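Dropping data34.pdb in here (PDB, C-alpha atoms, pLDDT in the B column):
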```pdb
ATOM      1  CA  MET Y 239     140.904  91.381 134.318  1.00 62.00           C
ATOM      2  CA  SER Y 240     139.017  94.108 132.456  1.00 65.00           C
ATOM      3  CA  LYS Y 241     136.708  96.485 134.285  1.00 69.00           C
ATOM      4  CA  LEU Y 242     133.036  96.624 133.474  1.00 67.00           C
ATOM      5  CA  PRO Y 243     132.139  99.889 131.763  1.00 68.00           C
ATOM      6  CA  PRO Y 244     130.058 102.217 133.930  1.00 68.00           C
ATOM      7  CA  PRO Y 245     126.276 102.034 133.505  1.00 67.00           C
ATOM      8  CA  LEU Y 246     124.804 104.374 130.943  1.00 74.00           C
ATOM      9  CA  PRO Y 247     123.806 107.572 132.747  1.00 78.00           C
ATOM     10  CA  LEU Y 248     120.180 107.498 131.773  1.00 89.00           C
ATOM     11  CA  LYS Y 249     116.839 107.637 133.516  1.00 91.00           C
ATOM     12  CA  LEU Y 250     113.460 108.599 132.188  1.00 95.00           C
ATOM     13  CA  ASP Y 251     109.994 108.243 133.692  1.00 95.00           C
ATOM     14  CA  LEU Y 252     107.049 109.248 131.581  1.00 94.00           C
ATOM     15  CA  ARG Y 253     103.272 109.087 132.012  1.00 92.00           C
ATOM     16  CA  ILE Y 254     101.129 108.778 128.914  1.00 89.00           C
ATOM     17  CA  ASP Y 255      97.470 109.556 129.343  1.00 84.00           C
ATOM     18  CA  ASP Y 256      94.537 110.772 127.338  1.00 71.00           C
ATOM     19  CA  ALA Y 257      95.250 114.400 127.903  1.00 56.00           C
ATOM     20  CA  SER Y 258      98.899 114.539 127.026  1.00 58.00           C
ATOM     21  CA  VAL Y 259     101.957 112.792 125.682  1.00 64.00           C
ATOM     22  CA  THR Y 260     101.271 111.017 122.438  1.00 88.00           C
ATOM     23  CA  VAL Y 261     103.405 108.067 121.388  1.00 91.00           C
ATOM     24  CA  ARG Y 262     105.454 110.359 119.139  1.00 93.00           C
ATOM     25  CA  HIS Y 263     106.118 112.724 122.017  1.00 93.00           C
ATOM     26  CA  ALA Y 264     107.101 109.850 124.318  1.00 95.00           C
ATOM     27  CA  LEU Y 265     109.488 108.494 121.683  1.00 96.00           C
ATOM     28  CA  SER Y 266     111.143 111.867 121.196  1.00 96.00           C
ATOM     29  CA  GLN Y 267     111.740 112.050 124.971  1.00 96.00           C
ATOM     30  CA  VAL Y 268     113.212 108.547 124.846  1.00 97.00           C
ATOM     31  CA  THR Y 269     115.557 109.300 121.944  1.00 96.00           C
ATOM     32  CA  LYS Y 270     116.696 112.559 123.528  1.00 96.00           C
ATOM     33  CA  THR Y 271     117.440 110.784 126.827  1.00 95.00           C
ATOM     34  CA  LEU Y 272     119.463 108.131 124.990  1.00 94.00           C
ATOM     35  CA  GLN Y 273     121.330 110.649 122.846  1.00 93.00           C
ATOM     36  CA  ASP Y 274     122.180 112.750 125.907  1.00 92.00           C
ATOM     37  CA  ALA Y 275     123.678 109.604 127.460  1.00 91.00           C
ATOM     38  CA  HIS Y 276     125.768 109.129 124.288  1.00 89.00           C
ATOM     39  CA  VAL Y 277     124.069 105.885 123.305  1.00 91.00           C
ATOM     40  CA  GLY Y 278     125.032 105.037 119.697  1.00 91.00           C
ATOM     41  CA  GLN Y 279     122.576 105.832 116.929  1.00 93.00           C
ATOM     42  CA  GLU Y 280     121.892 102.223 116.005  1.00 93.00           C
ATOM     43  CA  SER Y 281     120.879 101.364 119.560  1.00 94.00           C
ATOM     44  CA  VAL Y 282     118.764 104.524 119.775  1.00 95.00           C
ATOM     45  CA  GLY Y 283     116.911 103.346 116.661  1.00 96.00           C
ATOM     46  CA  THR Y 284     116.393  99.883 118.123  1.00 96.00           C
ATOM     47  CA  VAL Y 285     115.016 101.214 121.415  1.00 97.00           C
ATOM     48  CA  GLU Y 286     112.718 103.591 119.554  1.00 97.00           C
ATOM     49  CA  ILE Y 287     111.225 100.788 117.440  1.00 97.00           C
ATOM     50  CA  VAL Y 288     110.738  98.476 120.430  1.00 97.00           C
ATOM     51  CA  ILE Y 289     109.025 101.130 122.551  1.00 97.00           C
ATOM     52  CA  ALA Y 290     106.894 102.266 119.599  1.00 96.00           C
ATOM     53  CA  GLU Y 291     105.691  98.712 119.026  1.00 96.00           C
ATOM     54  CA  ALA Y 292     105.016  98.083 122.713  1.00 96.00           C
ATOM     55  CA  LEU Y 293     103.126 101.372 123.197  1.00 95.00           C
ATOM     56  CA  ASN Y 294     101.100 100.925 120.003  1.00 93.00           C
ATOM     57  CA  ASN Y 295     100.175  97.462 121.200  1.00 92.00           C
ATOM     58  CA  VAL Y 296      99.053  98.763 124.595  1.00 92.00           C
ATOM     59  CA  LEU Y 297      96.900 101.449 122.986  1.00 89.00           C
ATOM     60  CA  GLU Y 298      95.394  99.104 120.448  1.00 86.00           C
ATOM     61  CA  HIS Y 299      94.711  96.098 122.647  1.00 83.00           C
ATOM     62  CA  ALA Y 300      94.836  96.964 126.338  1.00 79.00           C
ATOM     63  CA  TYR Y 301      92.704 100.059 125.765  1.00 79.00           C
ATOM     64  CA  ALA Y 302      90.773  98.934 122.704  1.00 75.00           C
ATOM     65  CA  GLU Y 303      87.365  99.447 124.217  1.00 59.00           C
ATOM     66  CA  THR Y 304      88.032 101.001 127.566  1.00 65.00           C
ATOM     67  CA  GLY Y 305      89.486 104.247 128.754  1.00 71.00           C
ATOM     68  CA  PRO Y 306      90.971 106.246 130.289  1.00 84.00           C
ATOM     69  CA  VAL Y 307      94.514 105.589 129.171  1.00 87.00           C
ATOM     70  CA  LYS Y 308      97.233 105.538 131.798  1.00 91.00           C
ATOM     71  CA  ILE Y 309     100.615 104.200 130.733  1.00 94.00           C
ATOM     72  CA  ASP Y 310     103.881 104.575 132.641  1.00 96.00           C
ATOM     73  CA  LEU Y 311     107.133 104.221 130.747  1.00 97.00           C
ATOM     74  CA  SER Y 312     110.435 103.954 132.532  1.00 97.00           C
ATOM     75  CA  LEU Y 313     113.886 103.787 131.031  1.00 96.00           C
ATOM     76  CA  SER Y 314     117.088 103.023 132.901  1.00 95.00           C
ATOM     77  CA  ALA Y 315     120.366 101.209 132.376  1.00 91.00           C
ATOM     78  CA  VAL Y 316     122.237  98.326 133.949  1.00 86.00           C
ATOM     79  CA  ASN Y 317     125.817  98.292 132.662  1.00 81.00           C
ATOM     80  CA  GLN Y 318     125.412  98.771 128.930  1.00 83.00           C
ATOM     81  CA  ASN Y 319     121.896  97.375 128.759  1.00 91.00           C
ATOM     82  CA  ILE Y 320     118.864  99.561 128.437  1.00 95.00           C
ATOM     83  CA  ILE Y 321     116.004  98.448 130.666  1.00 96.00           C
ATOM     84  CA  VAL Y 322     112.480  99.414 129.690  1.00 97.00           C
ATOM     85  CA  ALA Y 323     109.367  98.930 131.812  1.00 98.00           C
ATOM     86  CA  ILE Y 324     105.900  99.742 130.516  1.00 97.00           C
ATOM     87  CA  THR Y 325     102.971  99.576 132.918  1.00 96.00           C
ATOM     88  CA  ASP Y 326      99.364 100.148 131.940  1.00 94.00           C
ATOM     89  CA  THR Y 327      95.927  99.840 133.508  1.00 92.00           C
ATOM     90  CA  GLY Y 328      94.257  98.311 130.471  1.00 91.00           C
ATOM     91  CA  ALA Y 329      92.840  94.879 129.739  1.00 91.00           C
ATOM     92  CA  PRO Y 330      95.074  91.847 130.304  1.00 93.00           C
ATOM     93  CA  MET Y 331      96.903  90.002 127.538  1.00 92.00           C
ATOM     94  CA  PRO Y 332      94.921  87.054 126.242  1.00 91.00           C
ATOM     95  CA  ASN Y 333      95.852  84.014 128.362  1.00 91.00           C
ATOM     96  CA  LEU Y 334      98.141  86.312 130.336  1.00 91.00           C
ATOM     97  CA  THR Y 335     100.972  85.414 127.996  1.00 91.00           C
ATOM     98  CA  LEU Y 336     103.146  87.290 125.554  1.00 91.00           C
ATOM     99  CA  PRO Y 337     102.344  86.810 121.896  1.00 91.00           C
ATOM    100  CA  GLU Y 338     104.974  84.655 120.207  1.00 89.00           C
ATOM    101  CA  GLY Y 339     105.396  87.033 117.326  1.00 89.00           C
ATOM    102  CA  LYS Y 340     106.363  84.514 114.700  1.00 90.00           C
ATOM    103  CA  GLN Y 341     108.137  85.453 111.485  1.00 90.00           C
ATOM    104  CA  ALA Y 342     105.430  85.963 108.875  1.00 88.00           C
ATOM    105  CA  ASN Y 343     105.352  83.650 105.879  1.00 90.00           C
ATOM    106  CA  LEU Y 344     106.361  85.816 102.944  1.00 92.00           C
ATOM    107  CA  ASP Y 345     106.460  83.004 100.430  1.00 92.00           C
ATOM    108  CA  VAL Y 346     103.024  83.957  99.128  1.00 92.00           C
ATOM    109  CA  ALA Y 347     101.522  85.921  96.239  1.00 90.00           C
ATOM    110  CA  THR Y 348     101.822  89.708  96.553  1.00 89.00           C
ATOM    111  CA  GLN Y 349      98.110  90.070  97.228  1.00 90.00           C
ATOM    112  CA  ASP Y 350      98.405  87.691 100.179  1.00 91.00           C
ATOM    113  CA  LEU Y 351     101.303  89.420 101.924  1.00 92.00           C
ATOM    114  CA  PRO Y 352     100.576  90.295 105.549  1.00 92.00           C
ATOM    115  CA  GLU Y 353     100.029  93.945 106.436  1.00 92.00           C
ATOM    116  CA  GLY Y 354     100.277  93.474 110.158  1.00 90.00           C
ATOM    117  CA  GLY Y 355     101.424  91.238 112.964  1.00 89.00           C
ATOM    118  CA  PHE Y 356     105.053  92.309 112.736  1.00 95.00           C
ATOM    119  CA  GLY Y 357     105.114  94.184 116.031  1.00 95.00           C
ATOM    120  CA  TRP Y 358     105.704  91.344 118.500  1.00 96.00           C
ATOM    121  CA  PHE Y 359     108.136  89.687 116.120  1.00 96.00           C
ATOM    122  CA  LEU Y 360     110.215  92.887 116.062  1.00 97.00           C
ATOM    123  CA  ILE Y 361     110.052  93.190 119.842  1.00 97.00           C
ATOM    124  CA  HIS Y 362     111.268  89.606 120.304  1.00 96.00           C
ATOM    125  CA  GLU Y 363     114.032  90.050 117.735  1.00 95.00           C
ATOM    126  CA  MET Y 364     115.390  93.242 119.241  1.00 95.00           C
ATOM    127  CA  THR Y 365     115.125  92.506 122.970  1.00 95.00           C
ATOM    128  CA  GLU Y 366     116.269  90.127 125.643  1.00 92.00           C
ATOM    129  CA  ALA Y 367     114.655  89.132 128.914  1.00 92.00           C
ATOM    130  CA  LEU Y 368     111.165  90.110 127.778  1.00 95.00           C
ATOM    131  CA  THR Y 369     108.625  89.527 130.550  1.00 96.00           C
ATOM    132  CA  TYR Y 370     104.934  90.149 131.050  1.00 96.00           C
ATOM    133  CA  GLN Y 371     103.118  90.156 134.387  1.00 96.00           C
ATOM    134  CA  ARG Y 372      99.609  90.967 135.415  1.00 96.00           C
ATOM    135  CA  HIS Y 373      99.552  92.489 138.890  1.00 95.00           C
ATOM    136  CA  GLU Y 374      96.688  94.269 140.690  1.00 93.00           C
ATOM    137  CA  SER Y 375      94.819  95.120 137.481  1.00 92.00           C
ATOM    138  CA  CYS Y 376      97.958  96.384 135.778  1.00 95.00           C
ATOM    139  CA  ASN Y 377      99.974  94.995 132.909  1.00 96.00           C
ATOM    140  CA  ILE Y 378     103.718  95.162 133.383  1.00 97.00           C
ATOM    141  CA  LEU Y 379     106.013  94.592 130.424  1.00 97.00           C
ATOM    142  CA  THR Y 380     109.755  94.648 130.973  1.00 97.00           C
ATOM    143  CA  LEU Y 381     112.534  94.204 128.491  1.00 95.00           C
ATOM    144  CA  ASN Y 382     116.232  94.597 128.072  1.00 96.00           C
ATOM    145  CA  ILE Y 383     117.974  96.005 125.010  1.00 94.00           C
ATOM    146  CA  PRO Y 384     121.706  95.355 124.943  1.00 90.00           C
ATOM    147  CA  THR Y 385     123.876  98.034 123.425  1.00 86.00           C
ATOM    148  CA  THR Y 386     127.208  97.183 121.880  1.00 67.00           C
ATOM    149  CA  CYS Y 387     130.633  98.497 122.846  1.00 51.00           C
ATOM    150  CA  GLU Y 388     131.105  99.761 119.291  1.00 47.00           C
ATOM    151  CA  ASP Y 389     128.169 102.160 119.636  1.00 45.00           C
TER     152      ASP Y 389
ATOM    153  CA  MET X 137     101.066 113.566 105.204  1.00 92.00           C
ATOM    154  CA  ASN X 138     103.138 114.965 102.350  1.00 95.00           C
ATOM    155  CA  LEU X 139     104.154 113.227  99.183  1.00 96.00           C
ATOM    156  CA  GLU X 140     105.773 114.694  96.119  1.00 97.00           C
ATOM    157  CA  THR X 141     105.756 112.986  92.765  1.00 96.00           C
ATOM    158  CA  HIS X 142     107.658 113.434  89.538  1.00 95.00           C
ATOM    159  CA  LYS X 143     108.243 111.423  86.391  1.00 94.00           C
ATOM    160  CA  LYS X 144     111.671 110.047  85.666  1.00 94.00           C
ATOM    161  CA  ASP X 145     112.402 107.957  82.584  1.00 93.00           C
ATOM    162  CA  GLN X 146     109.387 105.678  82.351  1.00 90.00           C
ATOM    163  CA  ALA X 147     108.727 105.632  86.063  1.00 94.00           C
ATOM    164  CA  LEU X 148     106.873 107.605  88.690  1.00 96.00           C
ATOM    165  CA  VAL X 149     109.019 108.694  91.644  1.00 97.00           C
ATOM    166  CA  VAL X 150     107.038 109.176  94.847  1.00 97.00           C
ATOM    167  CA  THR X 151     109.035 111.049  97.488  1.00 98.00           C
ATOM    168  CA  VAL X 152     107.719 110.690 101.028  1.00 98.00           C
ATOM    169  CA  MET X 153     108.185 114.104 102.642  1.00 98.00           C
ATOM    170  CA  GLU X 154     107.543 112.870 106.180  1.00 97.00           C
ATOM    171  CA  PRO X 155     110.223 111.968 108.737  1.00 97.00           C
ATOM    172  CA  ARG X 156     108.082 109.149 110.161  1.00 97.00           C
ATOM    173  CA  ILE X 157     105.727 106.526 108.740  1.00 97.00           C
ATOM    174  CA  ASP X 158     104.115 105.255 111.921  1.00 95.00           C
ATOM    175  CA  ALA X 159     100.779 104.389 113.532  1.00 92.00           C
ATOM    176  CA  ALA X 160      99.843 108.085 113.602  1.00 91.00           C
ATOM    177  CA  ILE X 161      99.894 108.473 109.802  1.00 94.00           C
ATOM    178  CA  ALA X 162      99.717 104.941 108.374  1.00 95.00           C
ATOM    179  CA  ILE X 163      96.156 105.332 107.095  1.00 94.00           C
ATOM    180  CA  GLN X 164      96.751 108.727 105.478  1.00 96.00           C
ATOM    181  CA  PHE X 165      99.937 107.342 103.948  1.00 97.00           C
ATOM    182  CA  LYS X 166      98.061 104.478 102.300  1.00 95.00           C
ATOM    183  CA  ASP X 167      95.364 106.825 100.979  1.00 95.00           C
ATOM    184  CA  LYS X 168      97.803 109.406  99.636  1.00 96.00           C
ATOM    185  CA  VAL X 169      99.991 106.785  97.955  1.00 96.00           C
ATOM    186  CA  ARG X 170      96.953 105.162  96.399  1.00 93.00           C
ATOM    187  CA  GLU X 171      95.832 108.542  94.980  1.00 94.00           C
ATOM    188  CA  ALA X 172      99.320 109.368  93.744  1.00 94.00           C
ATOM    189  CA  THR X 173      99.828 106.033  91.992  1.00 93.00           C
ATOM    190  CA  ALA X 174      96.278 105.439  90.772  1.00 89.00           C
ATOM    191  CA  ASN X 175      96.871 106.288  87.134  1.00 84.00           C
ATOM    192  CA  SER X 176     100.600 106.071  86.952  1.00 82.00           C
ATOM    193  CA  SER X 177     103.188 104.127  85.064  1.00 77.00           C
ATOM    194  CA  ASP X 178     103.962 100.497  85.662  1.00 83.00           C
ATOM    195  CA  ARG X 179     107.101 101.323  87.573  1.00 93.00           C
ATOM    196  CA  VAL X 180     106.861 103.306  90.798  1.00 96.00           C
ATOM    197  CA  VAL X 181     109.940 104.118  92.863  1.00 97.00           C
ATOM    198  CA  MET X 182     109.223 105.296  96.398  1.00 98.00           C
ATOM    199  CA  ASP X 183     111.979 107.534  97.750  1.00 98.00           C
ATOM    200  CA  LEU X 184     112.175 107.016 101.512  1.00 98.00           C
ATOM    201  CA  SER X 185     115.389 108.975 102.058  1.00 98.00           C
ATOM    202  CA  ARG X 186     113.611 111.583 104.184  1.00 98.00           C
ATOM    203  CA  VAL X 187     112.034 108.940 106.438  1.00 98.00           C
ATOM    204  CA  ASP X 188     114.017 108.350 109.636  1.00 97.00           C
ATOM    205  CA  PHE X 189     111.544 106.074 111.339  1.00 97.00           C
ATOM    206  CA  LEU X 190     109.088 103.390 110.299  1.00 97.00           C
ATOM    207  CA  ASP X 191     107.316 101.030 112.679  1.00 97.00           C
ATOM    208  CA  SER X 192     105.245  97.913 111.974  1.00 97.00           C
ATOM    209  CA  SER X 193     102.219 100.093 111.096  1.00 96.00           C
ATOM    210  CA  GLY X 194     104.357 101.957 108.612  1.00 97.00           C
ATOM    211  CA  LEU X 195     105.651  98.694 107.175  1.00 97.00           C
ATOM    212  CA  GLY X 196     102.084  97.442 106.825  1.00 97.00           C
ATOM    213  CA  ALA X 197     101.136 100.670 105.048  1.00 97.00           C
ATOM    214  CA  VAL X 198     103.980 100.252 102.527  1.00 97.00           C
ATOM    215  CA  VAL X 199     102.928  96.632 101.912  1.00 96.00           C
ATOM    216  CA  ALA X 200      99.319  97.763 101.492  1.00 95.00           C
ATOM    217  CA  ALA X 201     100.441 100.449  99.028  1.00 94.00           C
ATOM    218  CA  MET X 202     102.195  97.776  96.979  1.00 94.00           C
ATOM    219  CA  LYS X 203      99.130  95.540  97.009  1.00 93.00           C
ATOM    220  CA  LEU X 204      96.922  98.437  95.884  1.00 90.00           C
ATOM    221  CA  MET X 205      99.072  98.785  92.792  1.00 89.00           C
ATOM    222  CA  GLY X 206      98.027  95.326  91.665  1.00 85.00           C
ATOM    223  CA  SER X 207     100.080  92.444  90.402  1.00 80.00           C
ATOM    224  CA  GLU X 208     100.924  94.053  87.059  1.00 83.00           C
ATOM    225  CA  ARG X 209     102.872  96.934  88.599  1.00 86.00           C
ATOM    226  CA  LYS X 210     106.031  97.103  90.685  1.00 84.00           C
ATOM    227  CA  LEU X 211     106.691  99.197  93.752  1.00 93.00           C
ATOM    228  CA  GLU X 212     110.383  99.716  94.365  1.00 96.00           C
ATOM    229  CA  LEU X 213     111.908 101.449  97.368  1.00 98.00           C
ATOM    230  CA  SER X 214     114.934 103.686  97.527  1.00 98.00           C
ATOM    231  CA  GLY X 215     117.075 105.463 100.104  1.00 98.00           C
ATOM    232  CA  LEU X 216     116.188 103.477 103.205  1.00 98.00           C
ATOM    233  CA  THR X 217     117.753 105.075 106.284  1.00 98.00           C
ATOM    234  CA  PRO X 218     119.286 102.757 108.934  1.00 96.00           C
ATOM    235  CA  THR X 219     116.336 102.224 111.277  1.00 96.00           C
ATOM    236  CA  VAL X 220     113.924 101.793 108.372  1.00 98.00           C
ATOM    237  CA  ALA X 221     116.311  99.341 106.678  1.00 98.00           C
ATOM    238  CA  LYS X 222     116.575  97.398 109.925  1.00 97.00           C
ATOM    239  CA  VAL X 223     112.798  96.933 110.123  1.00 97.00           C
ATOM    240  CA  PHE X 224     112.672  95.688 106.518  1.00 97.00           C
ATOM    241  CA  ARG X 225     115.625  93.382 107.103  1.00 97.00           C
ATOM    242  CA  LEU X 226     114.451  91.843 110.385  1.00 96.00           C
ATOM    243  CA  THR X 227     110.982  91.128 109.002  1.00 96.00           C
ATOM    244  CA  ARG X 228     112.556  89.819 105.752  1.00 96.00           C
ATOM    245  CA  MET X 229     110.469  92.326 103.814  1.00 96.00           C
ATOM    246  CA  ASP X 230     113.722  93.314 102.122  1.00 95.00           C
ATOM    247  CA  SER X 231     113.303  90.128 100.089  1.00 94.00           C
ATOM    248  CA  VAL X 232     109.815  91.143  98.971  1.00 93.00           C
ATOM    249  CA  PHE X 233     110.619  94.628  97.658  1.00 95.00           C
ATOM    250  CA  THR X 234     113.333  95.732  95.251  1.00 95.00           C
ATOM    251  CA  ILE X 235     115.356  98.152  97.344  1.00 97.00           C
ATOM    252  CA  HIS X 236     117.838 100.647  95.918  1.00 98.00           C
ATOM    253  CA  PRO X 237     120.421 102.492  98.025  1.00 98.00           C
ATOM    254  CA  ASN X 238     119.391 105.786  96.393  1.00 97.00           C
ATOM    255  CA  LEU X 239     117.536 107.206  93.384  1.00 96.00           C
ATOM    256  CA  ASP X 240     120.634 107.273  91.156  1.00 95.00           C
ATOM    257  CA  ALA X 241     121.034 103.537  91.666  1.00 97.00           C
ATOM    258  CA  ALA X 242     117.358 103.008  90.848  1.00 96.00           C
ATOM    259  CA  PHE X 243     117.824 104.623  87.446  1.00 96.00           C
ATOM    260  CA  ASN X 244     121.212 103.314  86.333  1.00 90.00           C
TER     261      ASN X 244
END
```
Please go through the file and, once you have read it, give me the structure as structure tokens.
Amino acid sequence: MSKLPPPLPLKLDLRIDDASVTVRHALSQVTKTLQDAHVGQESVGTVEIVIAEALNNVLEHAYAETGPVKIDLSLSAVNQNIIVAITDTGAPMPNLTLPEGKQANLDVATQDLPEGGFGWFLIHEMTEALTYQRHESCNILTLNIPTTCED
Amino acid sequence: MNLETHKKDQALVVTVMEPRIDAAIAIQFKDKVREATANSSDRVVMDLSRVDFLDSSGLGAVVAAMKLMGSERKLELSGLTPTVAKVFRLTRMDSVFTIHPNLDAAFN
């Protein structure tokens, strides 16, 4: 019987607010934390995209017309899976449900190609166990990004 | 938001001198690419070899740049780094653009 590999030694808690910590800064903290834990480069890239999309979505939609911004990002690991939780105090998701993020129809003329709407599709494609909850005026998004043994 | 351009054969090569095409610079990217390609040749090859990261905003900006060139002209991409290539592949945008592994391949 083979032993489970130890959990990745990583933990990061970050607060993003109006005064400090832009998305780029948050992502560079995330990638550094992952690299320090020897997570493979492909998985680092995946986590970076997923968190970028989720944070951009929070800023664009949860805080579209209201401020101040207060987003908490936490990163941890269970076995070889990276667990991400993003909590914000912004407006709720429409219908309190996650967007489906369907694959865009690309079988159209060049001038009709979509320029947006890829974010949730990418999040769904790259994550497992994606959940959204609304709790005491906060949005809580959690997701799991598996890393591979080859990394 | 830095771009460099040079002519090669009958094409315009646009080299994106930024490590990231993301929400923070998507709008400037579109504007700069539009300026750079406004009066250029029919064939434009965008060298993305210096770009390590591109999110959905960046992808949208590249699509917008292609649309701004009109249906008579082609925007080709070259030198996609792994994370950038992954975004194009997952969204199937790699079937919409002609993508070269590097500039040499684009011109041979």
Quick check on the file I pasted: which residues fall under the PyMOL selection byres ((chain X and resi 210-224) around 7)? Write them as a compact mmCIF listing (two decimals) with C-alpha atoms, in the coordinates of the input.
```txt
# COMPACT_ATOMS: atom_id res chain seq x y z
CA GLY Y 283 116.91 103.35 116.66
CA ASP X 178 103.96 100.50 85.66
CA ARG X 179 107.10 101.32 87.57
CA VAL X 180 106.86 103.31 90.80
CA VAL X 181 109.94 104.12 92.86
CA MET X 182 109.22 105.30 96.40
CA ASP X 183 111.98 107.53 97.75
CA LEU X 184 112.18 107.02 101.51
CA SER X 185 115.39 108.98 102.06
CA VAL X 187 112.03 108.94 106.44
CA ASP X 188 114.02 108.35 109.64
CA PHE X 189 111.54 106.07 111.34
CA LEU X 190 109.09 103.39 110.30
CA MET X 202 102.20 97.78 96.98
CA GLU X 208 100.92 94.05 87.06
CA ARG X 209 102.87 96.93 88.60
CA ARG X 225 115.62 93.38 107.10
CA LEU X 226 114.45 91.84 110.38
CA THR X 227 110.98 91.13 109.00
CA ARG X 228 112.56 89.82 105.75
CA MET X 229 110.47 92.33 103.81
CA ASP X 230 113.72 93.31 102.12
CA PHE X 233 110.62 94.63 97.66
CA THR X 234 113.33 95.73 95.25
CA ILE X 235 115.36 98.15 97.34
CA HIS X 236 117.84 100.65 95.92
CA PRO X 237 120.42 102.49 98.02
CA ASN X 238 119.39 105.79 96.39
CA LEU X 239 117.54 107.21 93.38
```
Contact residues around Ser193 of chain X with all atoms listed in the file at 10 Å, ignoring same-chain residues under 2 positions, as a PDB file with C-alpha atoms, in the coordinates of the input:
```
ATOM      1  CA  ALA Y 290     106.894 102.266 119.599  1.00 96.00           C
ATOM      2  CA  GLU Y 291     105.691  98.712 119.026  1.00 96.00           C
ATOM      3  CA  ASN Y 294     101.100 100.925 120.003  1.00 93.00           C
ATOM      4  CA  GLU Y 353     100.029  93.945 106.436  1.00 92.00           C
ATOM      5  CA  GLY Y 354     100.277  93.474 110.158  1.00 90.00           C
ATOM      6  CA  GLY Y 355     101.424  91.238 112.964  1.00 89.00           C
ATOM      7  CA  PHE Y 356     105.053  92.309 112.736  1.00 95.00           C
ATOM      8  CA  GLY Y 357     105.114  94.184 116.031  1.00 95.00           C
TER       9      GLY Y 357
ATOM     10  CA  ILE X 157     105.727 106.526 108.740  1.00 97.00           C
ATOM     11  CA  ASP X 158     104.115 105.255 111.921  1.00 95.00           C
ATOM     12  CA  ALA X 159     100.779 104.389 113.532  1.00 92.00           C
ATOM     13  CA  ALA X 160      99.843 108.085 113.602  1.00 91.00           C
ATOM     14  CA  ILE X 161      99.894 108.473 109.802  1.00 94.00           C
ATOM     15  CA  ALA X 162      99.717 104.941 108.374  1.00 95.00           C
ATOM     16  CA  ILE X 163      96.156 105.332 107.095  1.00 94.00           C
ATOM     17  CA  LEU X 190     109.088 103.390 110.299  1.00 97.00           C
ATOM     18  CA  ASP X 191     107.316 101.030 112.679  1.00 97.00           C
ATOM     19  CA  LEU X 195     105.651  98.694 107.175  1.00 97.00           C
ATOM     20  CA  GLY X 196     102.084  97.442 106.825  1.00 97.00           C
ATOM     21  CA  ALA X 197     101.136 100.670 105.048  1.00 97.00           C
ATOM     22  CA  VAL X 198     103.980 100.252 102.527  1.00 97.00           C
ATOM     23  CA  VAL X 199     102.928  96.632 101.912  1.00 96.00           C
TER      24      VAL X 199
END
```
Inset, instruction - Given the file shown, determine the residues that the PyMOL selection byres ((chain Y and resi 264) around 9) selects; report them as a list of chain:residue names. - result: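 This file, filtered by the PyMOL selection byres ((chain Y and resi 264) around 9), leaves Y:Leu252, Y:Arg253, Y:Ile254, Y:Val259, Y:Thr260, Y:Val261, Y:Arg262, Y:His263, Y:Leu265, Y:Ser266, Y:Gln267, Y:Val268, Y:Thr269, Y:Ala290, Y:Leu311.
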Around the point (96.6, 102.9, 101.9) (coordinates from the file), which residues reach within 6 Å if we count only C-alpha atoms? Answer as a PDB file with C-alpha atoms, in the coordinates of the input.
```pdb
ATOM      1  CA  ILE X 163      96.156 105.332 107.095  1.00 94.00           C
ATOM      2  CA  PHE X 165      99.937 107.342 103.948  1.00 97.00           C
ATOM      3  CA  LYS X 166      98.061 104.478 102.300  1.00 95.00           C
ATOM      4  CA  ASP X 167      95.364 106.825 100.979  1.00 95.00           C
ATOM      5  CA  ARG X 170      96.953 105.162  96.399  1.00 93.00           C
ATOM      6  CA  ALA X 197     101.136 100.670 105.048  1.00 97.00           C
ATOM      7  CA  ALA X 200      99.319  97.763 101.492  1.00 95.00           C
ATOM      8  CA  ALA X 201     100.441 100.449  99.028  1.00 94.00           C
TER       9      ALA X 201
END
```
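Nearest to chain X of all the residues Y:Ala315, Y:Ala292, Y:Ile383, Y:Cys376 is Y:Ala292, based on all atoms listed in the file.
When only C-alpha atoms are used to measure the gap to Arg186 of chain X, the shortest distance among X:Thr151, X:Thr173, X:Gln164, X:Ser207 belongs to X:Thr151.
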Exercise on segment 370-388 of chain Y, axis-aligned box with 8 Å per side, report centre and edge lengths in Å to one decimal, as lines of an AutoDock Vina configuration file:
```
center_x = 113.0
center_y = 95.0
center_z = 130.0
size_x = 52.3
size_y = 25.6
size_z = 37.4
```
Legend entry - Resolved residues for the PyMOL selection byres ((chain Y and resi 320-327) around 7) as a list of chain:residue names: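 Applying the expression gives Y:Lys308, Y:Ile309, Y:Asp310, Y:Leu311, Y:Ser312, Y:Leu313, Y:Ser314, Y:Ala315, Y:Val316, Y:Gln318, Y:Asn319, Y:Gly328, Y:Ala329, Y:Ser375, Y:Cys376, Y:Asn377, Y:Ile378, Y:Leu379, Y:Thr380, Y:Leu381, Y:Asn382, Y:Ile383, Y:Pro384.
In terms of minimum interatomic distance to chain Y, X:Ser192 ranks closest within X:Ser231, X:Ser192, X:Asn138, X:Gln146, counting only C-alpha atoms.
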Inset, instruction - Determine the nearest neighbour of chain X from the options Y:Leu248, Y:Leu368, Y:Ala300, Y:Val285, counting all atoms listed in the file. - result: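 Ranked by minimum distance to chain X, first place goes to Y:Val285.
Counting all atoms listed in the file and comparing Y:Pro306, Y:Asp350, Y:Val288, Y:Leu272, the residue that lies closest to Pro247 of chain Y is Y:Leu272.
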Legend entry - Coordinates-based distance that separates atom CA of Ala172 of chain X from atom CA of Val150 of chain X (Å, one decimal):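 About the pair atom CA of Val150 of chain X and atom CA of Ala172 of chain X: they are 7.8 Å apart.
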Legend entry - Point-to-point distance in Å for atom CA of Ile289 of chain Y and atom CA of Thr365 of chain Y: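 Between these atoms lies a distance of 10.6 Å.
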